[in-house]
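Structure below is protein-v7.pdb: PDB, C-alpha atoms.
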ATOM      1  CA  MET A   1      -7.300  76.409 -49.381
ATOM      2  CA  PRO A   2      -9.910  78.911 -48.150
ATOM      3  CA  GLY A   3     -11.769  77.861 -45.050
ATOM      4  CA  SER A   4     -10.205  74.457 -44.490
ATOM      5  CA  LEU A   5      -9.998  73.450 -40.848
ATOM      6  CA  VAL A   6      -6.812  71.978 -39.523
ATOM      7  CA  ARG A   7      -4.721  72.235 -36.429
ATOM      8  CA  ARG A   8      -2.255  74.955 -35.611
ATOM      9  CA  PRO A   9       1.454  74.170 -35.766
ATOM     10  CA  GLU A  10       2.728  75.369 -32.420
ATOM     11  CA  ALA A  11       1.829  72.283 -30.343
ATOM     12  CA  PRO A  12      -0.135  69.963 -32.591
ATOM     13  CA  LEU A  13      -2.074  66.883 -31.684
ATOM     14  CA  SER A  14      -1.612  63.912 -34.010
ATOM     15  CA  GLY A  15      -3.356  64.466 -37.346
ATOM     16  CA  SER A  16      -3.859  67.270 -39.800
ATOM     17  CA  ALA A  17      -1.740  70.231 -40.883
ATOM     18  CA  VAL A  18      -2.378  73.939 -40.364
ATOM     19  CA  CYS A  19      -5.113  76.290 -41.597
ATOM     20  CA  GLU A  20      -7.270  79.300 -40.903
ATOM     21  CA  GLU A  21      -9.981  79.519 -38.287
ATOM     22  CA  GLN A  22     -13.546  80.286 -39.323
ATOM     23  CA  ARG A  23     -14.718  83.467 -37.555
ATOM     24  CA  SER A  24     -18.032  85.125 -36.827
ATOM     25  CA  GLY A  25     -17.540  88.161 -34.618
ATOM     26  CA  ASN A  26     -15.966  87.115 -31.343
ATOM     27  CA  LEU A  27     -16.653  83.430 -32.055
ATOM     28  CA  GLY A  28     -14.455  81.092 -34.045
ATOM     29  CA  VAL A  29     -14.472  77.443 -35.034
ATOM     30  CA  ARG A  30     -11.471  75.226 -35.697
ATOM     31  CA  LEU A  31      -9.936  71.937 -34.648
ATOM     32  CA  ALA A  32      -8.309  71.514 -31.255
ATOM     33  CA  GLY A  33      -4.610  72.139 -31.714
ATOM     34  CA  THR A  34      -3.079  71.303 -28.334
ATOM     35  CA  PRO A  35      -3.608  68.788 -25.509
ATOM     36  CA  ALA A  36      -4.784  71.653 -23.299
ATOM     37  CA  GLU A  37      -7.517  72.588 -25.792
ATOM     38  CA  LEU A  38      -8.620  68.963 -26.015
ATOM     39  CA  ASP A  39      -8.720  68.800 -22.215
ATOM     40  CA  ALA A  40     -10.940  71.891 -22.168
ATOM     41  CA  ALA A  41     -13.323  70.168 -24.604
ATOM     42  CA  LEU A  42     -13.467  67.046 -22.420
ATOM     43  CA  ALA A  43     -14.159  69.212 -19.359
ATOM     44  CA  LEU A  44     -16.970  71.003 -21.209
ATOM     45  CA  ARG A  45     -18.454  67.653 -22.178
ATOM     46  CA  PHE A  46     -18.435  66.604 -18.516
ATOM     47  CA  ARG A  47     -20.188  69.789 -17.405
ATOM     48  CA  VAL A  48     -22.885  69.511 -20.060
ATOM     49  CA  PHE A  49     -23.477  65.754 -20.089
ATOM     50  CA  TYR A  50     -23.048  64.931 -16.407
ATOM     51  CA  GLU A  51     -23.746  68.079 -14.417
ATOM     52  CA  GLU A  52     -26.456  69.552 -16.626
ATOM     53  CA  MET A  53     -28.104  66.652 -18.437
ATOM     54  CA  GLY A  54     -27.944  64.068 -15.651
ATOM     55  CA  ALA A  55     -25.548  61.475 -17.047
ATOM     56  CA  ARG A  56     -24.175  59.101 -14.405
ATOM     57  CA  PRO A  57     -20.380  59.039 -14.165
ATOM     58  CA  ASP A  58     -18.320  56.080 -13.098
ATOM     59  CA  THR A  59     -15.748  56.603 -10.353
ATOM     60  CA  ALA A  60     -12.893  57.541 -12.700
ATOM     61  CA  THR A  61     -15.017  59.978 -14.707
ATOM     62  CA  ALA A  62     -16.320  61.668 -11.551
ATOM     63  CA  ALA A  63     -12.797  62.035 -10.168
ATOM     64  CA  ALA A  64     -11.345  63.427 -13.402
ATOM     65  CA  ARG A  65     -14.370  65.594 -14.207
ATOM     66  CA  ARG A  66     -13.735  64.773 -17.852
ATOM     67  CA  ASP A  67     -15.949  62.922 -20.354
ATOM     68  CA  THR A  68     -13.574  60.732 -22.329
ATOM     69  CA  ASP A  69     -13.249  57.338 -23.959
ATOM     70  CA  ALA A  70     -10.848  55.453 -26.232
ATOM     71  CA  PHE A  71     -12.148  57.184 -29.367
ATOM     72  CA  ASP A  72     -10.984  60.641 -28.274
ATOM     73  CA  ALA A  73      -7.345  59.755 -28.894
ATOM     74  CA  VAL A  74      -7.892  59.098 -32.623
ATOM     75  CA  ALA A  75     -10.562  61.734 -33.303
ATOM     76  CA  ASP A  76     -10.380  65.304 -34.521
ATOM     77  CA  HIS A  77     -12.139  67.655 -32.111
ATOM     78  CA  LEU A  78     -13.974  70.638 -33.549
ATOM     79  CA  LEU A  79     -14.041  73.603 -31.155
ATOM     80  CA  VAL A  80     -16.175  76.704 -30.911
ATOM     81  CA  LEU A  81     -14.186  79.465 -29.208
ATOM     82  CA  ASP A  82     -15.237  82.784 -27.703
ATOM     83  CA  HIS A  83     -12.204  85.009 -28.087
ATOM     84  CA  ASP A  84     -13.679  87.501 -25.646
ATOM     85  CA  LEU A  85     -12.920  84.911 -22.951
ATOM     86  CA  GLY A  86      -9.275  84.577 -23.947
ATOM     87  CA  GLU A  87      -7.338  82.258 -26.225
ATOM     88  CA  GLY A  88      -6.787  78.516 -26.331
ATOM     89  CA  PRO A  89      -8.417  76.426 -23.578
ATOM     90  CA  ALA A  90     -10.035  79.414 -21.852
ATOM     91  CA  ALA A  91     -12.063  80.179 -24.983
ATOM     92  CA  VAL A  92     -13.667  76.746 -25.565
ATOM     93  CA  VAL A  93     -17.487  76.963 -25.442
ATOM     94  CA  GLY A  94     -18.476  74.158 -27.822
ATOM     95  CA  THR A  95     -17.123  70.941 -29.264
ATOM     96  CA  TYR A  96     -17.920  68.140 -31.700
ATOM     97  CA  ARG A  97     -15.975  64.898 -32.185
ATOM     98  CA  LEU A  98     -15.113  63.814 -35.747
ATOM     99  CA  ILE A  99     -13.798  60.335 -36.576
ATOM    100  CA  ARG A 100     -12.783  59.286 -40.083
ATOM    101  CA  ARG A 101     -12.709  55.665 -41.204
ATOM    102  CA  GLU A 102      -8.922  55.347 -41.033
ATOM    103  CA  ALA A 103      -8.910  56.732 -37.485
ATOM    104  CA  ALA A 104     -11.668  54.366 -36.365
ATOM    105  CA  GLU A 105      -9.710  51.417 -37.685
ATOM    106  CA  ARG A 106      -6.914  52.223 -35.210
ATOM    107  CA  VAL A 107      -9.253  51.537 -32.276
ATOM    108  CA  GLY A 108     -11.193  48.650 -33.776
ATOM    109  CA  GLY A 109     -14.171  50.484 -35.268
ATOM    110  CA  PHE A 110     -16.610  53.352 -34.801
ATOM    111  CA  TYR A 111     -18.343  54.361 -31.578
ATOM    112  CA  SER A 112     -21.764  53.899 -33.195
ATOM    113  CA  ALA A 113     -21.069  50.190 -33.704
ATOM    114  CA  GLY A 114     -21.666  49.728 -29.975
ATOM    115  CA  GLU A 115     -25.337  50.612 -30.544
ATOM    116  CA  TYR A 116     -26.036  49.947 -34.229
ATOM    117  CA  ASP A 117     -25.250  47.504 -36.987
ATOM    118  CA  ILE A 118     -23.536  49.991 -39.286
ATOM    119  CA  SER A 119     -22.421  47.446 -41.900
ATOM    120  CA  PRO A 120     -24.410  49.241 -44.673
ATOM    121  CA  LEU A 121     -22.402  52.400 -43.926
ATOM    122  CA  LEU A 122     -19.082  50.553 -43.781
ATOM    123  CA  ALA A 123     -19.864  49.066 -47.190
ATOM    124  CA  TYR A 124     -20.369  52.527 -48.682
ATOM    125  CA  PRO A 125     -17.679  53.034 -51.336
ATOM    126  CA  GLY A 126     -16.835  56.639 -50.473
ATOM    127  CA  ARG A 127     -15.166  58.272 -47.501
ATOM    128  CA  VAL A 128     -17.204  58.141 -44.303
ATOM    129  CA  LEU A 129     -17.116  60.268 -41.161
ATOM    130  CA  GLU A 130     -18.662  59.666 -37.746
ATOM    131  CA  LEU A 131     -19.842  62.665 -35.732
ATOM    132  CA  GLY A 132     -20.611  62.576 -32.036
ATOM    133  CA  ARG A 133     -20.243  64.014 -28.535
ATOM    134  CA  SER A 134     -21.656  67.366 -29.597
ATOM    135  CA  CYS A 135     -22.159  69.920 -26.854
ATOM    136  CA  VAL A 136     -22.263  73.689 -26.397
ATOM    137  CA  HIS A 137     -22.111  75.715 -23.190
ATOM    138  CA  GLU A 138     -25.642  76.751 -22.240
ATOM    139  CA  ALA A 139     -24.875  80.463 -22.646
ATOM    140  CA  TYR A 140     -23.959  79.893 -26.307
ATOM    141  CA  ARG A 141     -26.876  77.773 -27.517
ATOM    142  CA  THR A 142     -27.912  80.200 -30.207
ATOM    143  CA  ARG A 143     -28.614  79.988 -33.902
ATOM    144  CA  GLY A 144     -25.335  81.774 -34.598
ATOM    145  CA  THR A 145     -23.291  79.204 -32.689
ATOM    146  CA  LEU A 146     -25.061  76.351 -34.462
ATOM    147  CA  GLN A 147     -24.433  77.956 -37.843
ATOM    148  CA  LEU A 148     -20.768  78.306 -36.948
ATOM    149  CA  LEU A 149     -20.601  74.615 -36.017
ATOM    150  CA  TRP A 150     -22.121  73.754 -39.388
ATOM    151  CA  ARG A 151     -19.513  75.886 -41.123
ATOM    152  CA  GLY A 152     -16.839  73.940 -39.287
ATOM    153  CA  ILE A 153     -18.350  70.593 -40.207
ATOM    154  CA  ALA A 154     -18.752  71.678 -43.837
ATOM    155  CA  ALA A 155     -15.145  72.829 -44.022
ATOM    156  CA  TYR A 156     -13.921  69.526 -42.572
ATOM    157  CA  VAL A 157     -16.084  67.503 -44.953
ATOM    158  CA  PHE A 158     -14.852  69.622 -47.856
ATOM    159  CA  GLN A 159     -11.207  69.290 -46.849
ATOM    160  CA  HIS A 160     -11.279  65.514 -46.392
ATOM    161  CA  ARG A 161     -13.638  64.826 -49.312
ATOM    162  CA  VAL A 162     -16.099  63.010 -47.062
ATOM    163  CA  ASP A 163     -19.004  61.425 -48.943
ATOM    164  CA  LEU A 164     -21.156  60.170 -46.072
ATOM    165  CA  MET A 165     -21.406  61.177 -42.436
ATOM    166  CA  PHE A 166     -23.282  59.483 -39.635
ATOM    167  CA  GLY A 167     -23.483  59.257 -35.881
ATOM    168  CA  CYS A 168     -25.647  58.686 -32.838
ATOM    169  CA  ALA A 169     -27.728  61.780 -32.113
ATOM    170  CA  SER A 170     -29.388  62.066 -28.719
ATOM    171  CA  LEU A 171     -32.898  63.093 -27.745
ATOM    172  CA  PRO A 172     -33.097  64.182 -24.097
ATOM    173  CA  GLY A 173     -34.483  61.675 -21.625
ATOM    174  CA  THR A 174     -35.556  58.049 -21.833
ATOM    175  CA  ASP A 175     -39.340  58.428 -21.472
ATOM    176  CA  LEU A 176     -40.552  56.693 -24.622
ATOM    177  CA  ASP A 177     -44.121  57.934 -24.211
ATOM    178  CA  ALA A 178     -42.911  61.539 -24.092
ATOM    179  CA  LEU A 179     -40.606  60.961 -27.063
ATOM    180  CA  ALA A 180     -43.181  59.028 -29.106
ATOM    181  CA  PRO A 181     -44.133  61.968 -31.397
ATOM    182  CA  ALA A 182     -40.493  62.773 -32.253
ATOM    183  CA  LEU A 183     -39.448  59.147 -32.755
ATOM    184  CA  SER A 184     -42.531  58.380 -34.852
ATOM    185  CA  PHE A 185     -42.029  61.492 -36.975
ATOM    186  CA  LEU A 186     -38.425  60.478 -37.700
ATOM    187  CA  HIS A 187     -39.366  56.891 -38.538
ATOM    188  CA  HIS A 188     -42.307  57.715 -40.795
ATOM    189  CA  ASN A 189     -40.704  60.629 -42.632
ATOM    190  CA  HIS A 190     -36.919  60.158 -42.596
ATOM    191  CA  LEU A 191     -36.150  56.429 -42.497
ATOM    192  CA  ALA A 192     -32.968  55.713 -44.439
ATOM    193  CA  PRO A 193     -33.214  53.676 -47.654
ATOM    194  CA  PRO A 194     -32.271  50.004 -47.131
ATOM    195  CA  ALA A 195     -28.821  50.396 -48.710
ATOM    196  CA  LEU A 196     -27.903  53.061 -46.126
ATOM    197  CA  ARG A 197     -29.988  51.924 -43.152
ATOM    198  CA  PRO A 198     -28.199  51.102 -39.907
ATOM    199  CA  ARG A 199     -30.242  49.062 -37.443
ATOM    200  CA  ALA A 200     -30.111  49.168 -33.676
ATOM    201  CA  LEU A 201     -28.504  46.026 -32.290
ATOM    202  CA  ALA A 202     -31.134  43.432 -31.421
ATOM    203  CA  ARG A 203     -30.466  43.553 -27.669
ATOM    204  CA  LEU A 204     -30.850  47.357 -27.672
ATOM    205  CA  HIS A 205     -33.473  47.917 -30.369
ATOM    206  CA  VAL A 206     -36.422  50.131 -29.395
ATOM    207  CA  PRO A 207     -39.122  50.557 -32.091
ATOM    208  CA  MET A 208     -39.515  54.135 -33.276
ATOM    209  CA  ASP A 209     -42.908  53.794 -35.010
ATOM    210  CA  ARG A 210     -44.733  54.322 -31.734
ATOM    211  CA  LEU A 211     -47.618  56.302 -33.234
ATOM    212  CA  ASP A 212     -49.503  55.918 -36.496
ATOM    213  CA  PRO A 213     -48.458  58.502 -39.095
ATOM    214  CA  GLY A 214     -51.829  60.243 -38.869
ATOM    215  CA  GLY A 215     -51.507  60.532 -35.103
ATOM    216  CA  VAL A 216     -48.273  62.520 -35.114
ATOM    217  CA  ASP A 217     -48.510  66.231 -34.341
ATOM    218  CA  LEU A 218     -45.785  67.493 -36.678
ATOM    219  CA  ARG A 219     -45.353  70.797 -34.874
ATOM    220  CA  ALA A 220     -44.936  69.083 -31.500
ATOM    221  CA  ALA A 221     -42.628  66.455 -32.959
ATOM    222  CA  LEU A 222     -40.332  69.036 -34.524
ATOM    223  CA  ALA A 223     -40.282  71.058 -31.312
ATOM    224  CA  GLU A 224     -38.895  68.036 -29.464
ATOM    225  CA  LEU A 225     -35.992  67.530 -31.865
ATOM    226  CA  PRO A 226     -32.622  69.039 -30.914
ATOM    227  CA  PRO A 227     -31.494  71.836 -33.265
ATOM    228  CA  LEU A 228     -28.599  69.773 -34.611
ATOM    229  CA  VAL A 229     -30.948  66.924 -35.605
ATOM    230  CA  LYS A 230     -33.209  69.399 -37.388
ATOM    231  CA  GLY A 231     -30.128  70.692 -39.175
ATOM    232  CA  TYR A 232     -29.329  67.194 -40.415
ATOM    233  CA  LEU A 233     -32.893  66.771 -41.655
ATOM    234  CA  ARG A 234     -32.727  70.055 -43.573
ATOM    235  CA  LEU A 235     -29.726  68.583 -45.399
ATOM    236  CA  GLY A 236     -31.717  65.511 -46.398
ATOM    237  CA  GLY A 237     -30.596  63.363 -43.488
ATOM    238  CA  PHE A 238     -32.043  59.957 -42.651
ATOM    239  CA  VAL A 239     -32.420  57.896 -39.497
ATOM    240  CA  GLY A 240     -31.693  54.239 -38.933
ATOM    241  CA  ASP A 241     -34.103  51.533 -37.841
ATOM    242  CA  GLY A 242     -34.719  51.656 -34.113
ATOM    243  CA  ALA A 243     -33.688  53.851 -31.210
ATOM    244  CA  VAL A 244     -31.401  52.962 -28.298
ATOM    245  CA  LEU A 245     -31.876  53.956 -24.668
ATOM    246  CA  ASP A 246     -28.644  55.242 -23.154
ATOM    247  CA  THR A 247     -29.391  55.134 -19.454
ATOM    248  CA  GLN A 248     -25.902  56.309 -18.478
ATOM    249  CA  PHE A 249     -26.329  59.556 -20.424
ATOM    250  CA  ASN A 250     -30.103  59.851 -19.819
ATOM    251  CA  THR A 251     -30.783  60.049 -23.568
ATOM    252  CA  THR A 252     -32.524  58.173 -26.343
ATOM    253  CA  ASP A 253     -30.229  57.756 -29.335
ATOM    254  CA  VAL A 254     -31.064  57.618 -33.023
ATOM    255  CA  CYS A 255     -28.581  56.970 -35.800
ATOM    256  CA  ILE A 256     -28.384  59.822 -38.300
ATOM    257  CA  VAL A 257     -27.057  59.343 -41.854
ATOM    258  CA  VAL A 258     -26.288  62.266 -44.197
ATOM    259  CA  LYS A 259     -24.866  62.181 -47.709
ATOM    260  CA  THR A 260     -22.594  65.195 -47.790
ATOM    261  CA  ASP A 261     -23.252  66.562 -51.263
ATOM    262  CA  LEU A 262     -25.714  69.145 -49.915
ATOM    263  CA  VAL A 263     -23.294  70.099 -47.139
ATOM    264  CA  THR A 264     -20.450  70.725 -49.542
ATOM    265  CA  ASP A 265     -22.699  72.425 -52.107
ATOM    266  CA  LYS A 266     -23.724  74.957 -49.459
ATOM    267  CA  TYR A 267     -20.085  75.404 -48.487
ATOM    268  CA  TYR A 268     -19.014  75.934 -52.121
ATOM    269  CA  ARG A 269     -21.715  78.576 -52.560
ATOM    270  CA  HIS A 270     -20.572  80.341 -49.385
ATOM    271  CA  TYR A 271     -17.041  80.715 -50.702
ATOM    272  CA  GLU A 272     -18.132  81.554 -54.216
ATOM    273  CA  ARG A 273     -20.040  84.514 -52.749
ATOM    274  CA  ARG A 274     -17.032  85.557 -50.665
ATOM    275  CA  LEU A 275     -14.693  85.353 -53.635
ATOM    276  CA  GLY A 276     -17.101  86.824 -56.212
ATOM    277  CA  GLY A 277     -17.454  83.573 -58.134
ATOM    278  CA  PRO A 278     -20.367  82.028 -60.037
ATOM    279  CA  GLY A 279     -22.567  81.763 -56.939
ATOM    280  CA  SER A 280     -22.059  85.348 -55.825
ATOM    281  CA  GLY A 281     -25.355  86.491 -57.251
ATOM    282  CA  GLU A 282     -27.518  83.927 -55.418
TER     283      GLU A 282
END

Is it possible to give me this structure as structure tokens?
Amino acid sequence: MPGSLVRRPEAPLSGSAVCEEQRSGNLGVRLAGTPAELDAALALRFRVFYEEMGARPDTATAAARRDTDAFDAVADHLLVLDHDLGEGPAAVVGTYRLIRREAAERVGGFYSAGEYDISPLLAYPGRVLELGRSCVHEAYRTRGTLQLLWRGIAAYVFQHRVDLMFGCASLPGTDLDALAPALSFLHHNHLAPPALRPRALARLHVPMDRLDPGGVDLRAALAELPPLVKGYLRLGGFVGDGAVLDTQFNTTDVCIVVKTDLVTDKYYRHYERRLGGPGSGE
């Protein structure tokens, strides 16, 4: 199937079967195919989250210089690779963790359930996917890299027929006054409908409606949002009720919910153009 994203056969991790890598010049995106590639992704996460963004490691994390938890063993790990740097682990410059419902069940649930009541999402009748632990090496934080990540996510969603994706997205820092415009903008303009609305757990819940709607500078609020969050919003994404302060990672988390029909529609159109199909004239 054109553009599906699965692991390579030579030394596979547990999970999917083989398929082509998505390429854009020297950059590519595909799933991690070997333990060494996964290790490179975990090392990148450590460098970005702990060394750059100020997360506080425990003793084991500091010693290993790897960001890892129990969910990594059951997840698929999307990689961005710069082939000018080499192949395999040496090429890893970005990563995103993907966890399907059946994988989450093997470790007792989704990561997001530690911060949010996600029961409305678990009750959704279609296939659901949790996204998280997104990071890109600072030298590659460009529009092109982000677009390549989206192509990878779209291909994965397309391949596994995912209907709904969600996850905890992080805003940098824990200063609620500084984040008030962004949080208020999200709450007032993108709050999920009740049937799809996760809610921050009561002990962690931080109100997001910190400013009145008329008091939000939209330009400033949008400028504070990470590019990936803005990408979700462009696809019609929603946020849950309440934010969560993650003091270990020095972030403020919001729960993003996206119905994937727009993601897959864009992906279909991309391949129709490539193959000269009905969408090739758009």

**Request:** For the structure shown, which residues end up in the PyMOL selection byres ((chain A and resi 97) around 7)? Put them as a list in words, please?
**Result:**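 For this structure, the PyMOL selection byres ((chain A and resi 97) around 7) resolves to Ala75, Asp76, His77, Leu78, Thr95, Tyr96, Leu98, Ile99, Leu131, Gly132, Arg133 and Ser134 of chain A.
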
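Minimum atom-to-atom distances from A:Tyr111, A:Tyr116, A:Tyr124, A:Tyr156 to Val254 in chain A were compared using all atoms listed in the file, and the lowest value belongs to A:Tyr116.
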
**Prompt:** Could you name the residues that touch Leu27 in chain A at 8 Å or less, counting all atoms listed in the file, but leaving out those on the same chain fewer than 5 positions away, as a PyMOL selection string?
**Reply:** chain A and resi 80-83+145

For the contact check between range 167-219 of chain A and range 244-250 of chain A, emit one row per residue of range 167-219 of chain A within 8 Å, containing the shortest atom pair and the distance in Å rounded to one decimal, counting all atoms listed in the file, chain then rising number order, as CSV.
residue,atom,partner,partner_atom,distance
A:Pro172,CA,A:Asn250,CA,6.8
A:Gly173,CA,A:Asn250,CA,5.1
A:Thr174,CA,A:Asn250,CA,6.1
A:Ala200,CA,A:Val244,CA,6.7
A:Leu204,CA,A:Val244,CA,5.7
A:His205,CA,A:Val244,CA,5.8
A:Val206,CA,A:Val244,CA,5.9

Please tell me which residues are no farther than 12 Å from (-15.9, 63.4, -9.7) in the file, counting only C-alpha atoms, and write them as a PDB file with C-alpha atoms, in the coordinates of the input.
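This is the output file result.pdb:
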ATOM      1  CA  ALA A  43     -14.159  69.212 -19.359  1.00  0.00           C
ATOM      2  CA  PHE A  46     -18.435  66.604 -18.516  1.00  0.00           C
ATOM      3  CA  ARG A  47     -20.188  69.789 -17.405  1.00  0.00           C
ATOM      4  CA  TYR A  50     -23.048  64.931 -16.407  1.00  0.00           C
ATOM      5  CA  GLU A  51     -23.746  68.079 -14.417  1.00  0.00           C
ATOM      6  CA  ARG A  56     -24.175  59.101 -14.405  1.00  0.00           C
ATOM      7  CA  PRO A  57     -20.380  59.039 -14.165  1.00  0.00           C
ATOM      8  CA  ASP A  58     -18.320  56.080 -13.098  1.00  0.00           C
ATOM      9  CA  THR A  59     -15.748  56.603 -10.353  1.00  0.00           C
ATOM     10  CA  ALA A  60     -12.893  57.541 -12.700  1.00  0.00           C
ATOM     11  CA  THR A  61     -15.017  59.978 -14.707  1.00  0.00           C
ATOM     12  CA  ALA A  62     -16.320  61.668 -11.551  1.00  0.00           C
ATOM     13  CA  ALA A  63     -12.797  62.035 -10.168  1.00  0.00           C
ATOM     14  CA  ALA A  64     -11.345  63.427 -13.402  1.00  0.00           C
ATOM     15  CA  ARG A  65     -14.370  65.594 -14.207  1.00  0.00           C
ATOM     16  CA  ARG A  66     -13.735  64.773 -17.852  1.00  0.00           C
ATOM     17  CA  ASP A  67     -15.949  62.922 -20.354  1.00  0.00           C
TER      18      ASP A  67
END

**Request:** Could you tell me how far CA of His160 in chain A lies from CA of Val258 in chain A, in Å and to one decimal?
**Result:**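 These atoms are spaced 15.5 Å apart.
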
**Gap from CA of Leu183 in chain A to CA of Cys135 in chain A - Å, one decimal** =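 Result for CA of Leu183 in chain A versus CA of Cys135 in chain A: 21.2 Å, one decimal.
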
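Among A:Leu235, A:Ala113, A:Ala91, A:Val257, the residue with the shortest atom-to-atom distance to Phe166 in chain A, counting only C-alpha atoms, is A:Val257.
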
Could you add the missing atoms to range 145-160 of chain A, up to N, CA and C atoms, and return them as a PDB file, keeping the file's coordinate frame?
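Writing the result to rebuild-v1.pdb gives the following:
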ATOM      1  N   THR A 145     -24.269  80.223 -33.053  1.00  0.00           N
ATOM      2  CA  THR A 145     -23.291  79.204 -32.689  1.00  0.00           C
ATOM      3  C   THR A 145     -23.511  77.944 -33.508  1.00  0.00           C
ATOM      4  N   LEU A 146     -24.770  77.549 -33.676  1.00  0.00           N
ATOM      5  CA  LEU A 146     -25.061  76.351 -34.462  1.00  0.00           C
ATOM      6  C   LEU A 146     -24.620  76.534 -35.910  1.00  0.00           C
ATOM      7  N   GLN A 147     -24.866  77.707 -36.467  1.00  0.00           N
ATOM      8  CA  GLN A 147     -24.433  77.956 -37.843  1.00  0.00           C
ATOM      9  C   GLN A 147     -22.915  77.887 -37.958  1.00  0.00           C
ATOM     10  N   LEU A 148     -22.223  78.365 -36.932  1.00  0.00           N
ATOM     11  CA  LEU A 148     -20.768  78.306 -36.948  1.00  0.00           C
ATOM     12  C   LEU A 148     -20.287  76.857 -36.877  1.00  0.00           C
ATOM     13  N   LEU A 149     -20.937  76.042 -36.067  1.00  0.00           N
ATOM     14  CA  LEU A 149     -20.601  74.615 -36.017  1.00  0.00           C
ATOM     15  C   LEU A 149     -20.787  73.972 -37.389  1.00  0.00           C
ATOM     16  N   TRP A 150     -21.881  74.315 -38.056  1.00  0.00           N
ATOM     17  CA  TRP A 150     -22.121  73.754 -39.388  1.00  0.00           C
ATOM     18  C   TRP A 150     -21.047  74.205 -40.374  1.00  0.00           C
ATOM     19  N   ARG A 151     -20.605  75.438 -40.247  1.00  0.00           N
ATOM     20  CA  ARG A 151     -19.513  75.886 -41.123  1.00  0.00           C
ATOM     21  C   ARG A 151     -18.262  75.061 -40.873  1.00  0.00           C
ATOM     22  N   GLY A 152     -17.994  74.759 -39.605  1.00  0.00           N
ATOM     23  CA  GLY A 152     -16.839  73.940 -39.287  1.00  0.00           C
ATOM     24  C   GLY A 152     -16.956  72.538 -39.832  1.00  0.00           C
ATOM     25  N   ILE A 153     -18.139  71.938 -39.681  1.00  0.00           N
ATOM     26  CA  ILE A 153     -18.350  70.593 -40.207  1.00  0.00           C
ATOM     27  C   ILE A 153     -18.214  70.594 -41.727  1.00  0.00           C
ATOM     28  N   ALA A 154     -18.814  71.604 -42.379  1.00  0.00           N
ATOM     29  CA  ALA A 154     -18.752  71.678 -43.837  1.00  0.00           C
ATOM     30  C   ALA A 154     -17.313  71.822 -44.320  1.00  0.00           C
ATOM     31  N   ALA A 155     -16.536  72.643 -43.626  1.00  0.00           N
ATOM     32  CA  ALA A 155     -15.145  72.829 -44.022  1.00  0.00           C
ATOM     33  C   ALA A 155     -14.358  71.532 -43.876  1.00  0.00           C
ATOM     34  N   TYR A 156     -14.616  70.797 -42.806  1.00  0.00           N
ATOM     35  CA  TYR A 156     -13.921  69.526 -42.572  1.00  0.00           C
ATOM     36  C   TYR A 156     -14.302  68.492 -43.640  1.00  0.00           C
ATOM     37  N   VAL A 157     -15.600  68.421 -43.921  1.00  0.00           N
ATOM     38  CA  VAL A 157     -16.084  67.503 -44.953  1.00  0.00           C
ATOM     39  C   VAL A 157     -15.474  67.851 -46.306  1.00  0.00           C
ATOM     40  N   PHE A 158     -15.425  69.135 -46.596  1.00  0.00           N
ATOM     41  CA  PHE A 158     -14.852  69.622 -47.856  1.00  0.00           C
ATOM     42  C   PHE A 158     -13.369  69.265 -47.937  1.00  0.00           C
ATOM     43  N   GLN A 159     -12.649  69.521 -46.867  1.00  0.00           N
ATOM     44  CA  GLN A 159     -11.207  69.290 -46.849  1.00  0.00           C
ATOM     45  C   GLN A 159     -10.853  67.822 -47.039  1.00  0.00           C
ATOM     46  N   HIS A 160     -11.608  66.941 -46.377  1.00  0.00           N
ATOM     47  CA  HIS A 160     -11.279  65.514 -46.392  1.00  0.00           C
ATOM     48  C   HIS A 160     -12.091  64.732 -47.426  1.00  0.00           C
TER      49      HIS A 160
END
